[in-house]
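To keep things clear, I will list the structure first and then write my remarks on it.
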Amino acid sequence: MHSYSSAQMADFILKKQSDSAFSSLALEAARHELERDCDGELQLITSTVSALAPPSGESLVAKSTRLSAKGSDQQVCRVILSQLAEGSSKKRNVAEALCVFQVKEPEAQDQGADAEKAEKRANTGKDSLSSTAEMRRLQIFEGACKVIARHGFGNSTMREIAREAGLSVPLMYKYIKDKDDILYLIMTVNMQGMFTFFDNQEFNSGSPEENLIRAVDKYIDYIGDNRKYINLVYSETRSLSAENRMKVFDTERDFMRRWQAIIDDGVDKGFFRPVNTELLSNFIYFLCTVWALRHWSIGHFPVDEVKTALHEFVLTGLMKVEN
């Protein structure tokens with residue numbers, strides 16, 4: 001099923017865009033249903049949306065049903081859009097859509113470049129190529145990042161992502177379930193890259209001050225190499241399902257504990273003044289991430305100047321003041 005949240009629907013109603021929301025969600029749900037068993041490219045012929053009831057500000061859910069035979073040159077899908085009725089716990093159908101697509105045979109794809117890029121990313125810590133499944137998921141990761149960066153998550157289709165990854169849609173569905181699964185894949189691969197990067201560094205070889213400076217420097221370097229993925233994670237987290245969003249938040253909390261351990265060590269050894277280390281670790285992590293999120297504004301500064309400014313800012317708040 002595909003859905004719009006209650007907040008999104010309230011915004012659509014406010015802007016008088018309910019019909020557009022119905023049509024967009026219906027097309028996305030229809031494509032998702034048909035692409036599972038379709039090797040060709042789906043080209044929309046026509047779609048009709050019939051309103052059955054006035055929309056409310058509740059979340060909108062789409063359920064799709066294939067009406068055509070698998071393998072047919074034309075594919076037809078019916079989509080029912082439903083909401084909870086205001087002041088009721090019962091769902092009601094608010095619109096019905098009929099979407100008709102022409103199936104176009106796919107052009108031959110050169111998968112060599114995509115596989116090479118996926119392997120390169122795997123070898124630099126994004127993931128390991130322990131199996132064909134890992135290779136395929138990394139190809140999907142690369143393709144999805146490109147497509148979503150161009151069009152945004154909501155406007156990206158499974159067909160485009162598969163094409164960019166050099167895979168057929170049915171083959172891609174062997175490794176992911178739906179668009180939410182693709183977005184979660186992007187989040188987890190990116191976060192795993194952070195864990196791998198941090199765990200491979202020697203952050204305990206010097207004084208707590210030196211260790212923290214080293215962590216900041218290395219993380220800024222990591223951000224510089226992976227800025228587009230980090231920006232994508234931050235901009236699209238809200239599009240995840242509630243379940244997957246909480247998984248991502250739990251992973252981030254785990255990453256925070258690595259920063260917190262460095263600060264805890266400094267406090268325990270008397271280098272840093274007593275502070276709320278959980279709070280400070282979150283602050284420092286986010287300050288570093290600004291190098292990606294605000295790169296459009298501060299990207300003209302040399303990276304060494306950025307690092308030095310962070311050192312001074314962070315250590316000023318942490319170091320004990322000598323009497």
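Simple scheme: letters A, B, ... for chains in structure tokens order, numbers from 1 for residues in each chain, numbers from 1 for ligands in the order shown.
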
Quick one: everything within 10 Å of Phe283 in chain A, counting only C-alpha atoms, minus sequence neighbours fewer than 5 positions away in the same chain. Send it as a PDB file with all heavy atoms, in the first residue's frame.
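Output file out-v3.pdb follows:
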ATOM      1  N   MET A 256      26.039   7.901  18.075  1.00  0.00           N
ATOM      2  CA  MET A 256      26.297   8.944  19.073  1.00  0.00           C
ATOM      3  C   MET A 256      27.137   8.414  20.230  1.00  0.00           C
ATOM      4  O   MET A 256      27.951   9.134  20.806  1.00  0.00           O
ATOM      5  CB  MET A 256      24.977   9.481  19.636  1.00  0.00           C
ATOM      6  CG  MET A 256      24.176  10.380  18.729  1.00  0.00           C
ATOM      7  SD  MET A 256      25.090  11.834  18.225  1.00  0.00           S
ATOM      8  CE  MET A 256      25.683  11.259  16.647  1.00  0.00           C
ATOM      9  N   THR A 277      27.549  14.502  28.757  1.00  0.00           N
ATOM     10  CA  THR A 277      28.280  13.978  27.599  1.00  0.00           C
ATOM     11  C   THR A 277      27.346  13.499  26.485  1.00  0.00           C
ATOM     12  O   THR A 277      27.707  13.554  25.309  1.00  0.00           O
ATOM     13  CB  THR A 277      29.214  12.831  28.019  1.00  0.00           C
ATOM     14  OG1 THR A 277      28.448  11.793  28.650  1.00  0.00           O
ATOM     15  CG2 THR A 277      30.274  13.334  28.991  1.00  0.00           C
ATOM     16  N   GLU A 278      26.163  13.029  26.844  1.00  0.00           N
ATOM     17  CA  GLU A 278      25.210  12.620  25.805  1.00  0.00           C
ATOM     18  C   GLU A 278      24.765  13.823  24.983  1.00  0.00           C
ATOM     19  O   GLU A 278      24.699  13.774  23.748  1.00  0.00           O
ATOM     20  CB  GLU A 278      23.997  11.939  26.436  1.00  0.00           C
ATOM     21  CG  GLU A 278      22.962  11.484  25.404  1.00  0.00           C
ATOM     22  CD  GLU A 278      21.740  10.843  26.029  1.00  0.00           C
ATOM     23  OE1 GLU A 278      21.704  10.693  27.269  1.00  0.00           O
ATOM     24  OE2 GLU A 278      20.809  10.485  25.279  1.00  0.00           O
ATOM     25  N   CYS A 288      29.565  18.931  13.067  1.00  0.00           N
ATOM     26  CA  CYS A 288      30.358  18.382  11.961  1.00  0.00           C
ATOM     27  C   CYS A 288      29.494  18.200  10.713  1.00  0.00           C
ATOM     28  O   CYS A 288      29.924  18.498   9.590  1.00  0.00           O
ATOM     29  CB  CYS A 288      30.972  17.043  12.360  1.00  0.00           C
ATOM     30  SG  CYS A 288      32.254  17.143  13.624  1.00  0.00           S
ATOM     31  N   THR A 289      28.269  17.738  10.907  1.00  0.00           N
ATOM     32  CA  THR A 289      27.386  17.462   9.778  1.00  0.00           C
ATOM     33  C   THR A 289      26.991  18.734   9.039  1.00  0.00           C
ATOM     34  O   THR A 289      26.601  18.681   7.869  1.00  0.00           O
ATOM     35  CB  THR A 289      26.132  16.712  10.270  1.00  0.00           C
ATOM     36  OG1 THR A 289      26.530  15.590  11.060  1.00  0.00           O
ATOM     37  CG2 THR A 289      25.305  16.198   9.104  1.00  0.00           C
ATOM     38  N   VAL A 314      34.600  23.619  19.905  1.00  0.00           N
ATOM     39  CA  VAL A 314      34.284  22.456  20.740  1.00  0.00           C
ATOM     40  C   VAL A 314      35.131  22.447  22.010  1.00  0.00           C
ATOM     41  O   VAL A 314      34.614  22.264  23.125  1.00  0.00           O
ATOM     42  CB  VAL A 314      34.492  21.155  19.935  1.00  0.00           C
ATOM     43  CG1 VAL A 314      34.431  19.941  20.858  1.00  0.00           C
ATOM     44  CG2 VAL A 314      33.438  21.035  18.842  1.00  0.00           C
TER      45      VAL A 314
END

In range 183-307 of chain A, DSSP alpha helix (DSSP H) residues written as a VMD selection string:
chain A and resid 183 to 199 208 to 236 242 to 268 277 to 293 295 to 298 303 to 307

With only C-alpha atoms as the counted atoms, please give the residues lying no more than 6 Å from Val100 in chain A, apart from itself and same-chain residues fewer than 3 positions off, as a list of chain:residue names.
A:Ile45, A:Thr46, A:Gln75, A:Val76

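Of the residues listed (A:Lys146, A:Arg258, A:Arg163, A:Lys179), A:Lys179 shows the shortest atom-to-atom separation from His32 in chain A; distances use only C-alpha atoms.
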
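Non-sequential neighbours of range 93-97 of chain A (distance at most 8 Å, separation of 3 or more positions within a chain, only C-alpha atoms) are Phe22, Ser23, Ala26, Ser47, Thr48, Val49, Ser50, Ala51, Leu52, Ala53, Pro54, Pro55, Arg78, Val79, Ile80, Leu81, Ser82 and Gln83 of chain A.
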
Output file for the residues above (N, CA, C and O atoms, as a short mmCIF file (atom, residue, chain, number, x, y, z; two decimals), in the first residue's frame):
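The resulting out.cif:
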data_model
loop_
_atom_site.label_atom_id
_atom_site.label_comp_id
_atom_site.auth_asym_id
_atom_site.auth_seq_id
_atom_site.Cartn_x
_atom_site.Cartn_y
_atom_site.Cartn_z
N PHE A 22 -4.69 12.85 -5.18
CA PHE A 22 -5.33 11.58 -5.54
C PHE A 22 -4.66 10.97 -6.76
O PHE A 22 -4.32 9.79 -6.79
N SER A 23 -4.49 11.78 -7.80
CA SER A 23 -3.92 11.29 -9.05
C SER A 23 -2.49 10.82 -8.88
O SER A 23 -2.10 9.75 -9.36
N ALA A 26 -2.35 7.58 -6.80
CA ALA A 26 -2.91 6.46 -7.57
C ALA A 26 -1.92 5.96 -8.61
O ALA A 26 -1.72 4.75 -8.78
N SER A 47 -5.23 7.88 -17.45
CA SER A 47 -5.65 7.61 -16.08
C SER A 47 -6.87 8.46 -15.77
O SER A 47 -6.94 9.62 -16.18
N THR A 48 -7.82 7.87 -15.10
CA THR A 48 -9.02 8.61 -14.70
C THR A 48 -9.21 8.43 -13.20
O THR A 48 -9.03 7.34 -12.66
N VAL A 49 -9.55 9.51 -12.54
CA VAL A 49 -9.78 9.48 -11.10
C VAL A 49 -11.19 9.98 -10.83
O VAL A 49 -11.56 11.08 -11.25
N SER A 50 -11.96 9.16 -10.14
CA SER A 50 -13.34 9.52 -9.81
C SER A 50 -13.47 9.74 -8.31
O SER A 50 -13.15 8.84 -7.52
N ALA A 51 -13.90 10.93 -7.91
CA ALA A 51 -14.09 11.22 -6.50
C ALA A 51 -15.36 10.54 -6.00
O ALA A 51 -16.40 10.60 -6.66
N LEU A 52 -15.27 9.90 -4.86
CA LEU A 52 -16.42 9.20 -4.28
C LEU A 52 -16.95 9.91 -3.04
O LEU A 52 -18.11 9.72 -2.67
N ALA A 53 -16.08 10.69 -2.39
CA ALA A 53 -16.48 11.41 -1.18
C ALA A 53 -15.51 12.56 -0.97
O ALA A 53 -14.37 12.51 -1.43
N PRO A 54 -15.93 13.60 -0.26
CA PRO A 54 -15.02 14.72 0.01
C PRO A 54 -13.83 14.25 0.85
O PRO A 54 -14.01 13.47 1.79
N PRO A 55 -12.62 14.71 0.53
CA PRO A 55 -11.46 14.29 1.32
C PRO A 55 -11.45 14.94 2.69
O PRO A 55 -12.00 16.03 2.89
N ARG A 78 -6.50 -0.90 -11.22
CA ARG A 78 -7.49 -0.12 -10.50
C ARG A 78 -6.94 0.21 -9.11
O ARG A 78 -6.38 -0.66 -8.44
N VAL A 79 -7.12 1.44 -8.69
CA VAL A 79 -6.60 1.89 -7.39
C VAL A 79 -7.75 2.48 -6.59
O VAL A 79 -8.48 3.35 -7.08
N ILE A 80 -7.90 2.00 -5.36
CA ILE A 80 -8.91 2.54 -4.45
C ILE A 80 -8.19 3.37 -3.39
O ILE A 80 -7.26 2.91 -2.74
N LEU A 81 -8.63 4.61 -3.24
CA LEU A 81 -8.06 5.52 -2.24
C LEU A 81 -9.04 5.64 -1.08
O LEU A 81 -10.22 5.92 -1.28
N SER A 82 -8.54 5.42 0.13
CA SER A 82 -9.42 5.43 1.29
C SER A 82 -8.84 6.25 2.43
O SER A 82 -7.62 6.44 2.52
N GLN A 83 -9.73 6.73 3.30
CA GLN A 83 -9.37 7.51 4.48
C GLN A 83 -10.28 7.11 5.63
O GLN A 83 -11.35 6.54 5.43
#

May I ask which of the residues A:Ser168, A:Asn190, A:Ser64, A:Ser235 is the closest one to Glu28 in chain A, counting only C-alpha atoms?
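Of all the options, A:Ser64 lies closest to Glu28 in chain A.
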
What does the distance from CA of Pro208 in chain A to CA of Phe271 in chain A come to in Å, to one decimal?
6.9 Å

For range 180-182 of chain A: contacts at 7 Å, only C-alpha atoms, fewer than 4 positions along chain excluded, given as a PyMOL selection string
chain A and resi 176+186+240-241

Counting only C-alpha atoms, the option among A:Met194, A:Leu171, A:Leu212, A:Leu60 closest to Ser18 in chain A:
A:Leu60

Between CA of Trp296 in chain A and CA of Asn226 in chain A, distance in Å (one decimal)
14.8 Å

Closest of A:Arg137, A:Phe255, A:Ser156, A:Asp250 to Gly193 in chain A, counting only C-alpha atoms, is A:Phe255
